>>> print(open('final01.cif').read())   # mmCIF, C-alpha atoms
data_start
loop_
_atom_site.label_atom_id
_atom_site.label_comp_id
_atom_site.auth_asym_id
_atom_site.auth_seq_id
_atom_site.Cartn_x
_atom_site.Cartn_y
_atom_site.Cartn_z
CA MET A 1 8.43 7.60 -26.05
CA HIS A 2 9.91 6.82 -22.62
CA ASP A 3 9.05 3.46 -21.11
CA VAL A 4 8.45 4.26 -17.43
CA TRP A 5 6.93 7.39 -15.93
CA ILE A 6 7.03 8.04 -12.16
CA LEU A 7 4.29 10.48 -11.18
CA GLY A 8 4.89 12.72 -8.17
CA GLY A 9 8.53 12.66 -9.15
CA THR A 10 9.85 14.97 -6.41
CA GLY A 11 8.51 12.91 -3.50
CA ARG A 12 10.44 10.54 -1.26
CA SER A 13 8.72 7.43 -2.62
CA ALA A 14 9.31 8.49 -6.23
CA ARG A 15 13.00 9.04 -5.55
CA ALA A 16 13.29 5.61 -3.93
CA ILE A 17 11.55 3.95 -6.89
CA ALA A 18 13.77 5.79 -9.37
CA ALA A 19 16.84 4.52 -7.52
CA GLY A 20 15.48 0.97 -7.63
CA LEU A 21 14.81 1.21 -11.35
CA LEU A 22 18.29 2.55 -12.07
CA GLU A 23 19.76 -0.43 -10.20
CA ARG A 24 17.82 -2.62 -12.64
CA GLY A 25 19.09 -0.74 -15.67
CA ILE A 26 15.83 1.15 -16.27
CA ARG A 27 15.97 4.91 -16.76
CA PRO A 28 12.61 6.44 -15.74
CA VAL A 29 11.01 9.79 -16.43
CA LEU A 30 10.08 11.87 -13.38
CA VAL A 31 6.74 13.66 -13.78
CA GLY A 32 5.64 16.52 -11.53
CA ARG A 33 4.14 19.98 -11.27
CA ASP A 34 7.20 22.11 -10.45
CA ALA A 35 9.99 22.29 -13.02
CA GLY A 36 12.56 23.56 -10.54
CA ARG A 37 11.91 20.89 -7.95
CA LEU A 38 11.83 18.21 -10.63
CA GLU A 39 15.19 19.30 -11.97
CA ALA A 40 16.69 19.25 -8.48
CA ALA A 41 15.29 15.76 -7.77
CA ALA A 42 16.05 14.24 -11.16
CA GLY A 43 19.84 14.00 -10.93
CA GLY A 44 20.07 13.98 -14.69
CA LEU A 45 17.01 11.83 -15.35
CA PRO A 46 14.50 13.05 -17.94
CA THR A 47 11.56 15.03 -16.58
CA LEU A 48 8.08 16.02 -17.68
CA VAL A 49 6.17 18.94 -16.18
CA ALA A 50 2.41 18.47 -15.80
CA GLY A 51 0.52 20.99 -13.69
CA SER A 52 -2.33 18.76 -12.50
CA VAL A 53 -3.57 15.20 -12.42
CA ALA A 54 -5.78 16.02 -15.43
CA ALA A 55 -2.79 17.31 -17.38
CA THR A 56 -0.82 14.22 -16.41
CA ALA A 57 -3.66 11.99 -17.61
CA ASP A 58 -3.73 13.85 -20.94
CA ALA A 59 0.03 13.34 -21.35
CA ILE A 60 -0.30 9.60 -20.61
CA SER A 61 -3.08 9.25 -23.20
CA ARG A 62 -0.98 11.15 -25.73
CA ASP A 63 2.47 9.63 -25.21
CA ARG A 64 1.49 6.10 -24.09
CA PRO A 65 4.39 5.16 -21.78
CA ALA A 66 4.82 1.44 -21.21
CA VAL A 67 4.36 1.70 -17.42
CA VAL A 68 2.92 4.48 -15.26
CA VAL A 69 3.92 4.50 -11.57
CA ASN A 70 1.55 6.62 -9.50
CA THR A 71 2.92 7.92 -6.18
CA ILE A 72 0.43 10.83 -5.92
CA GLY A 73 -1.97 10.62 -2.99
CA PRO A 74 -4.70 10.63 -2.04
CA PHE A 75 -5.15 7.65 -4.34
CA THR A 76 -8.93 7.81 -3.90
CA GLU A 77 -8.71 11.02 -5.95
CA THR A 78 -5.83 10.36 -8.35
CA ALA A 79 -6.11 6.68 -9.31
CA ALA A 80 -9.36 6.75 -11.31
CA PRO A 81 -8.39 9.35 -13.96
CA LEU A 82 -4.90 7.89 -14.30
CA LEU A 83 -6.23 4.34 -14.69
CA ARG A 84 -8.52 5.56 -17.47
CA ALA A 85 -5.63 7.34 -19.17
CA CYS A 86 -3.48 4.20 -19.13
CA LEU A 87 -5.95 2.23 -21.26
CA PRO A 88 -5.50 0.78 -23.76
CA ALA A 89 -1.71 1.20 -23.98
CA SER A 90 -0.02 1.42 -20.55
CA HIS A 91 0.47 -0.74 -17.49
CA TYR A 92 -0.36 0.98 -14.17
CA LEU A 93 1.13 0.65 -10.67
CA ASP A 94 0.46 2.56 -7.44
CA LEU A 95 1.42 2.60 -3.76
CA ALA A 96 -2.12 2.81 -2.39
CA ASN A 97 -2.64 1.42 1.10
CA ASP A 98 -6.13 2.76 1.77
CA LEU A 99 -8.92 0.25 1.44
CA ALA A 100 -11.06 2.41 -0.86
CA ALA A 101 -8.34 3.00 -3.45
CA VAL A 102 -7.13 -0.61 -3.46
CA SER A 103 -10.71 -1.83 -3.86
CA ALA A 104 -11.42 0.61 -6.70
CA THR A 105 -8.31 -0.35 -8.67
CA LEU A 106 -9.00 -4.06 -8.28
CA GLY A 107 -12.45 -3.26 -9.63
CA GLN A 108 -10.78 -2.35 -12.94
CA ASP A 109 -9.74 -5.97 -13.49
CA GLN A 110 -11.99 -6.58 -16.50
CA ALA A 111 -11.11 -3.31 -18.21
CA PHE A 112 -7.38 -4.04 -17.99
CA ALA A 113 -7.87 -7.68 -18.95
CA ASP A 114 -9.79 -6.63 -22.07
CA ALA A 115 -6.96 -4.25 -23.01
CA GLY A 116 -4.25 -6.83 -22.35
CA ARG A 117 -2.66 -4.58 -19.75
CA THR A 118 -1.86 -4.96 -16.04
CA ALA A 119 -2.77 -2.77 -13.08
CA VAL A 120 -0.98 -3.35 -9.77
CA THR A 121 -2.14 -1.62 -6.59
CA GLY A 122 -0.72 -1.69 -3.07
CA ALA A 123 2.90 -1.99 -4.20
CA GLY A 124 4.24 -0.46 -0.99
CA PHE A 125 5.31 -2.00 2.31
CA GLY A 126 2.00 -2.68 4.09
CA VAL A 127 0.05 -4.55 1.43
CA THR A 128 3.02 -6.34 -0.13
CA ALA A 129 4.67 -7.49 3.10
CA THR A 130 1.55 -8.88 4.76
CA GLU A 131 -0.02 -10.32 1.61
CA SER A 132 3.22 -12.08 0.75
CA VAL A 133 3.23 -13.89 4.10
CA VAL A 134 -0.39 -14.98 3.63
CA VAL A 135 0.28 -16.27 0.11
CA LYS A 136 3.36 -18.14 1.38
CA LEU A 137 1.46 -19.76 4.26
CA CYS A 138 -1.50 -20.71 2.05
CA GLU A 139 0.46 -22.31 -0.79
CA GLY A 140 -1.13 -25.66 -1.61
CA ARG A 141 -3.74 -25.34 1.13
CA PRO A 142 -7.56 -25.04 0.95
CA ALA A 143 -9.36 -21.80 1.78
CA ALA A 144 -8.57 -20.63 5.30
CA ARG A 145 -11.09 -19.97 8.06
CA ARG A 146 -9.48 -17.04 9.85
CA VAL A 147 -6.54 -14.69 9.15
CA ARG A 148 -4.91 -11.84 11.03
CA VAL A 149 -2.20 -9.75 9.42
CA ASP A 150 -0.01 -7.18 11.17
CA MET A 151 2.29 -4.66 9.54
CA VAL A 152 5.18 -3.36 11.61
CA PRO A 153 7.11 -0.78 9.61
CA SER A 154 10.43 0.68 10.65
CA LEU A 155 10.60 4.14 9.09
CA ALA A 156 13.26 6.82 9.20
CA ALA A 157 11.52 10.20 9.17
CA GLU A 158 12.69 13.19 7.16
CA ASP A 159 12.29 16.70 8.51
CA GLY A 160 9.22 18.35 7.00
CA VAL A 161 5.44 18.58 7.05
CA LEU A 162 2.98 15.74 6.55
CA GLY A 163 1.62 17.33 3.35
CA ASP A 164 -1.78 17.35 1.68
CA ALA A 165 -1.33 14.07 -0.20
CA LEU A 166 -0.85 11.97 2.94
CA ALA A 167 -3.36 14.01 4.93
CA GLY A 168 -5.92 13.49 2.19
CA THR A 169 -5.22 9.75 2.15
CA ILE A 170 -5.84 9.53 5.89
CA VAL A 171 -8.99 11.66 5.92
CA GLU A 172 -10.61 10.64 2.64
CA GLY A 173 -9.51 7.03 2.42
CA LEU A 174 -10.53 5.73 5.85
CA PRO A 175 -12.09 3.41 4.89
CA GLY A 176 -14.42 4.60 2.10
CA VAL A 177 -15.98 1.22 1.26
CA ALA A 178 -19.27 -0.56 1.88
CA GLY A 179 -19.85 -2.63 4.98
CA GLY A 180 -20.30 0.00 7.67
CA GLY A 181 -20.26 3.69 8.48
CA ARG A 182 -18.12 6.10 6.46
CA TYR A 183 -15.56 6.48 9.21
CA GLN A 184 -15.87 3.16 11.00
CA GLY A 185 -13.27 0.46 10.83
CA ARG A 186 -13.72 -2.72 8.78
CA ARG A 187 -12.96 -6.39 8.97
CA TYR A 188 -14.26 -9.46 7.15
CA ARG A 189 -16.96 -11.53 8.85
CA ASP A 190 -18.63 -14.42 7.03
CA GLY A 191 -16.78 -13.41 3.89
CA ARG A 192 -18.15 -9.85 3.80
CA LEU A 193 -16.81 -6.49 4.88
CA ALA A 194 -18.37 -5.62 8.23
CA PRO A 195 -18.10 -2.76 10.75
CA ALA A 196 -15.30 -2.82 13.31
CA ARG A 197 -13.97 -0.36 15.84
CA LEU A 198 -10.89 1.55 14.78
CA ALA A 199 -7.80 0.35 16.66
CA ALA A 200 -9.74 -2.65 18.03
CA ASP A 201 -8.26 -6.07 18.91
CA PRO A 202 -4.88 -4.82 20.16
CA ILE A 203 -2.21 -7.43 20.79
CA ARG A 204 1.39 -7.30 21.94
CA LEU A 205 3.60 -8.96 19.37
CA THR A 206 7.07 -10.25 20.15
CA LEU A 207 9.02 -9.84 16.93
CA PRO A 208 11.54 -12.49 15.88
CA ASP A 209 14.34 -10.09 16.90
CA GLY A 210 12.97 -10.07 20.49
CA SER A 211 11.50 -6.56 20.49
CA VAL A 212 7.85 -6.03 21.42
CA VAL A 213 5.26 -3.87 19.67
CA THR A 214 1.51 -3.36 20.01
CA THR A 215 -0.65 -3.66 16.92
CA ALA A 216 -4.35 -2.89 16.58
CA GLY A 217 -6.97 -3.12 13.88
CA MET A 218 -6.86 -0.65 10.99
CA PRO A 219 -8.98 -0.90 7.79
CA LEU A 220 -6.12 -0.72 5.31
CA GLY A 221 -5.54 -2.23 1.89
CA GLU A 222 -3.89 -5.31 3.34
CA LEU A 223 -7.27 -6.36 4.73
CA MET A 224 -8.64 -6.95 1.23
CA ALA A 225 -5.38 -8.41 -0.05
CA ALA A 226 -5.26 -10.94 2.81
CA GLN A 227 -8.86 -12.01 2.26
CA ARG A 228 -8.35 -12.51 -1.46
CA ALA A 229 -5.11 -14.41 -0.90
CA SER A 230 -6.53 -16.77 1.72
CA GLY A 231 -10.23 -17.11 0.90
CA ALA A 232 -10.88 -16.75 4.65
CA ALA A 233 -14.31 -15.69 5.87
CA ASP A 234 -12.89 -13.92 8.95
CA VAL A 235 -10.01 -11.48 8.38
CA LEU A 236 -8.52 -8.67 10.45
CA SER A 237 -5.72 -6.30 9.43
CA ALA A 238 -3.70 -4.52 12.09
CA SER A 239 -0.79 -2.10 12.29
CA SER A 240 1.80 -0.99 14.82
CA GLU A 241 1.01 2.54 13.61
CA ALA A 242 -2.55 2.34 15.02
CA PRO A 243 -3.21 4.31 18.23
CA ALA A 244 -2.23 2.06 21.14
CA ALA A 245 -3.27 4.09 24.20
CA PRO A 246 -6.64 2.91 25.63
CA VAL A 247 -7.91 6.48 26.08
CA ILE A 248 -7.24 7.32 22.41
CA ARG A 249 -8.90 4.11 21.23
CA ALA A 250 -11.91 4.95 23.41
CA VAL A 251 -12.51 8.36 21.83
CA LEU A 252 -11.72 7.39 18.23
CA PRO A 253 -15.31 6.46 17.25
CA ALA A 254 -16.69 9.83 18.36
CA ALA A 255 -13.77 11.77 16.90
CA THR A 256 -13.91 10.09 13.51
CA ALA A 257 -17.71 10.42 13.34
CA LEU A 258 -17.16 14.19 13.11
CA LEU A 259 -15.38 13.62 9.79
CA ASN A 260 -18.79 12.98 8.22
CA LEU A 261 -19.26 16.77 8.38
CA GLY A 262 -17.72 18.37 5.29
CA PRO A 263 -16.31 21.49 7.00
CA VAL A 264 -14.81 19.38 9.81
CA ARG A 265 -13.24 17.03 7.26
CA ALA A 266 -11.72 19.93 5.30
CA PHE A 267 -10.40 21.49 8.53
CA ALA A 268 -8.90 18.17 9.67
CA ARG A 269 -7.20 17.69 6.32
CA ARG A 270 -5.65 21.18 6.43
CA ARG A 271 -4.42 20.77 9.99
CA LEU A 272 -2.98 17.32 9.34
CA ALA A 273 -1.21 18.55 6.22
CA ALA A 274 0.55 21.25 8.26
CA VAL A 275 1.83 18.92 10.99
CA ARG A 276 5.63 19.08 11.07
CA PHE A 277 7.87 16.12 11.85
CA ALA A 278 11.47 16.29 12.95
CA ALA A 279 13.98 13.96 11.31
CA ARG A 280 14.51 10.77 13.29
CA PRO A 281 16.27 7.47 12.66
CA LYS A 282 14.34 4.26 12.11
CA PRO A 283 13.15 2.75 15.43
CA ARG A 284 14.45 -0.77 14.75
CA GLU A 285 16.70 -2.56 12.31
CA HIS A 286 13.96 -4.30 10.33
CA SER A 287 10.35 -3.92 9.23
CA TRP A 288 8.06 -6.92 9.54
CA GLY A 289 4.99 -8.33 7.86
CA HIS A 290 3.17 -10.88 10.01
CA ALA A 291 0.26 -13.26 9.50
CA VAL A 292 -1.52 -15.98 11.42
CA VAL A 293 -3.70 -18.30 9.33
CA GLU A 294 -6.17 -20.88 10.66
CA TRP A 295 -7.96 -23.54 8.61
CA PRO A 296 -11.32 -25.29 9.13
CA ASP A 297 -9.55 -28.51 10.23
CA GLY A 298 -8.07 -26.64 13.21
CA SER A 299 -4.53 -26.35 11.84
CA ARG A 300 -2.73 -23.06 12.29
CA ARG A 301 0.40 -21.47 10.85
CA GLU A 302 2.26 -18.27 11.64
CA GLY A 303 4.70 -16.42 9.44
CA TRP A 304 6.90 -13.36 9.28
CA LEU A 305 8.55 -11.46 6.45
CA ARG A 306 11.64 -9.48 7.44
CA VAL A 307 12.66 -6.55 5.27
CA GLY A 308 14.74 -3.43 5.81
CA GLU A 309 13.59 0.15 6.30
CA ALA A 310 10.00 0.33 5.08
CA GLN A 311 10.42 3.34 2.78
CA ALA A 312 13.43 1.82 1.05
CA TRP A 313 11.48 -1.40 0.49
CA THR A 314 8.64 0.68 -0.92
CA GLY A 315 11.16 1.72 -3.56
CA SER A 316 12.41 -1.78 -4.28
CA VAL A 317 9.03 -3.51 -4.73
CA PRO A 318 7.60 -1.16 -7.39
CA ALA A 319 10.93 -1.19 -9.23
CA GLU A 320 10.93 -5.00 -9.36
CA VAL A 321 7.27 -5.08 -10.44
CA VAL A 322 8.01 -2.58 -13.22
CA ARG A 323 10.96 -4.66 -14.41
CA ARG A 324 8.77 -7.75 -14.61
CA LEU A 325 6.03 -5.90 -16.45
CA LEU A 326 8.53 -4.58 -19.00
CA ASP A 327 9.85 -8.13 -19.42
CA GLY A 328 6.35 -9.39 -20.20
CA GLU A 329 5.94 -11.37 -16.97
CA GLY A 330 2.62 -9.77 -15.94
CA ARG A 331 -0.91 -10.97 -16.65
CA PRO A 332 -3.80 -8.89 -17.99
CA GLY A 333 -6.09 -7.61 -15.23
CA ALA A 334 -5.80 -5.86 -11.86
CA TYR A 335 -3.84 -7.33 -8.94
CA THR A 336 -2.06 -6.76 -5.68
CA PRO A 337 1.68 -7.57 -5.91
CA ALA A 338 1.91 -11.05 -4.38
CA ALA A 339 -1.34 -12.11 -6.06
CA LEU A 340 0.36 -11.41 -9.38
CA PHE A 341 3.92 -12.56 -8.77
CA GLY A 342 3.67 -14.84 -5.73
CA PRO A 343 5.70 -14.82 -2.51
CA ALA A 344 9.00 -14.94 -4.40
CA LEU A 345 8.53 -11.26 -5.29
CA ALA A 346 9.30 -10.26 -1.70
CA GLU A 347 12.42 -12.42 -1.68
CA ALA A 348 13.59 -10.82 -4.94
CA CYS A 349 13.39 -7.48 -3.08
CA GLY A 350 15.49 -8.68 -0.16
CA GLY A 351 12.76 -10.06 2.10
CA GLU A 352 13.28 -13.18 4.21
CA TYR A 353 10.48 -15.46 5.45
CA GLN A 354 10.33 -17.06 8.87
CA LEU A 355 7.50 -19.60 9.05
CA SER A 356 6.17 -21.94 11.71
#
>>> encode(input="final01.cif", output="structure tokens")
Amino acid sequence: MHDVWILGGTGRSARAIAAGLLERGIRPVLVGRDAGRLEAAAGGLPTLVAGSVAATADAISRDRPAVVVNTIGPFTETAAPLLRACLPASHYLDLANDLAAVSATLGQDQAFADAGRTAVTGAGFGVTATESVVVKLCEGRPAARRVRVDMVPSLAAEDGVLGDALAGTIVEGLPGVAGGGRYQGRRYRDGRLAPARLAADPIRLTLPDGSVVTTAGMPLGELMAAQRASGAADVLSASSEAPAAPVIRAVLPAATALLNLGPVRAFARRRLAAVRFAARPKPREHSWGHAVVEWPDGSRREGWLRVGEAQAWTGSVPAEVVRRLLDGEGRPGAYTPAALFGPALAEACGGEYQLS
């Protein structure tokens, strides 16, 4: 039996996680559908060919690896069967950033607690960076009143197409939870998920390095992570990747409403998957997680977490979480990363806080 399996082993995220694990002295198994591509990506690491998510789930149930790392999107489709396959023997970790998938995995808390195993969702840049800042700001404080989190990734792009996994995550996972229309935005109001306009509440943020970005509301996994970390009744999550142009924000509600139609949704997913990106360097030196927290007594704190290139950090965080799970440092149940390991997790992965 091999201890750690990385599913979707030929992808960029899987390769980054494998590198992070090797730095920690852990030799993972890369799992994927194509033997040739796996062999090329593995660099001598062991591999396992599984032709579908169902076949992968069967292999997990049979071989019972200690930790399963799921990098296969859309997580709204892949997480549920893989979570079931992990019980009762394996810990589970994924990189989900869509609100529906994060919510569904956290909903498995009791099942994993009963089995004495740990599920960790949102172990990528967006959820981990913003949640970590909120947890840091809220240490030793009562429940907050209002929170806004902003993720500002700096990503170097590889030449290639968007692909079905990411296209499916965008189309199927936005936002896919109660509290409003199927393709509306979300925020927390009075402690409950409520409708919000996509790309609403734009602000211009001056980063600690002096550069300026615009962020706007997006119903991503960090919304739920920030609410759980702070206890705030009013929470908004925003991203520098949200559409910033006023004309685009104006037509988003009508455009996304069309996704309720099955044929339109399938067409949009196919077209998105085929979009090609040229290689480009990262736009700035660092990626940033940002949070502003307000409390009922009127006090207010702001914080930043500075990390490197977002994709590289999305390799480091899962690798560190896996190491801790193998060392018995986890707790039974389902968690987001900083909820399980606290704000020091981000520092262990090279992050630096700047608080005021």
>>> residues_around(input="final01.cif", residues="segment 220-228 of chain A", least_positions_apart="3", cutoff="9 Å", atoms="all atoms listed in the file", output="JSON, numbers by chain")
{"A": [96, 97, 98, 99, 100, 101, 102, 103, 122, 126, 127, 128, 129, 130, 131, 132, 134, 135, 147, 148, 149, 150, 151, 173, 174, 175, 186, 187, 188, 191, 193, 217, 231, 232, 233, 234, 235, 236, 237, 238, 239, 291, 336, 338, 339]}
>>> resolve_selection(input="final01.cif", expression="the PyMOL selection byres ((chain A and resi 38) around 12)", output="PDB file with C-alpha atoms, in the frame of the given file")
ATOM      1  CA  ILE A   6       7.030   8.040 -12.160  1.00  0.00           C
ATOM      2  CA  LEU A   7       4.290  10.480 -11.180  1.00  0.00           C
ATOM      3  CA  GLY A   8       4.890  12.720  -8.170  1.00  0.00           C
ATOM      4  CA  GLY A   9       8.530  12.660  -9.150  1.00  0.00           C
ATOM      5  CA  THR A  10       9.850  14.970  -6.410  1.00  0.00           C
ATOM      6  CA  GLY A  11       8.510  12.910  -3.500  1.00  0.00           C
ATOM      7  CA  ALA A  14       9.310   8.490  -6.230  1.00  0.00           C
ATOM      8  CA  ARG A  15      13.000   9.040  -5.550  1.00  0.00           C
ATOM      9  CA  VAL A  29      11.010   9.790 -16.430  1.00  0.00           C
ATOM     10  CA  LEU A  30      10.080  11.870 -13.380  1.00  0.00           C
ATOM     11  CA  VAL A  31       6.740  13.660 -13.780  1.00  0.00           C
ATOM     12  CA  GLY A  32       5.640  16.520 -11.530  1.00  0.00           C
ATOM     13  CA  ARG A  33       4.140  19.980 -11.270  1.00  0.00           C
ATOM     14  CA  ASP A  34       7.200  22.110 -10.450  1.00  0.00           C
ATOM     15  CA  ALA A  35       9.990  22.290 -13.020  1.00  0.00           C
ATOM     16  CA  GLY A  36      12.560  23.560 -10.540  1.00  0.00           C
ATOM     17  CA  ARG A  37      11.910  20.890  -7.950  1.00  0.00           C
ATOM     18  CA  GLU A  39      15.190  19.300 -11.970  1.00  0.00           C
ATOM     19  CA  ALA A  40      16.690  19.250  -8.480  1.00  0.00           C
ATOM     20  CA  ALA A  41      15.290  15.760  -7.770  1.00  0.00           C
ATOM     21  CA  ALA A  42      16.050  14.240 -11.160  1.00  0.00           C
ATOM     22  CA  GLY A  43      19.840  14.000 -10.930  1.00  0.00           C
ATOM     23  CA  GLY A  44      20.070  13.980 -14.690  1.00  0.00           C
ATOM     24  CA  LEU A  45      17.010  11.830 -15.350  1.00  0.00           C
ATOM     25  CA  PRO A  46      14.500  13.050 -17.940  1.00  0.00           C
ATOM     26  CA  THR A  47      11.560  15.030 -16.580  1.00  0.00           C
ATOM     27  CA  LEU A  48       8.080  16.020 -17.680  1.00  0.00           C
ATOM     28  CA  VAL A  49       6.170  18.940 -16.180  1.00  0.00           C
ATOM     29  CA  ALA A  50       2.410  18.470 -15.800  1.00  0.00           C
TER      30      ALA A  50
END
>>> atom_distance(input="final01.cif", atom1="atom CA of Gly176 of chain A", atom2="atom CA of Gly289 of chain A")
24.0 Å
>>> closest_residue(input="final01.cif", among="A:Ala85, A:Leu137, A:Leu106, A:Val161", to="Arg301 of chain A", atoms="all atoms listed in the file")
A:Leu137
>>> atom_distance(input="final01.cif", atom1="atom CA of Pro81 of chain A", atom2="atom CA of Asp109 of chain A")
15.4 Å
>>> resolve_selection(input="final01.cif", expression="the PyMOL selection byres ((chain A and resi 184) around 7)", output="list in words")
Gly180, Gly181, Arg182, Tyr183, Gly185, Arg186, Pro195, Ala196, Arg197 and Leu198 of chain A
>>> closest_residue(input="final01.cif", among="A:Leu259, A:Val120, A:Leu21, A:Leu340", to="Gly315 of chain A", atoms="all atoms listed in the file")
A:Leu21
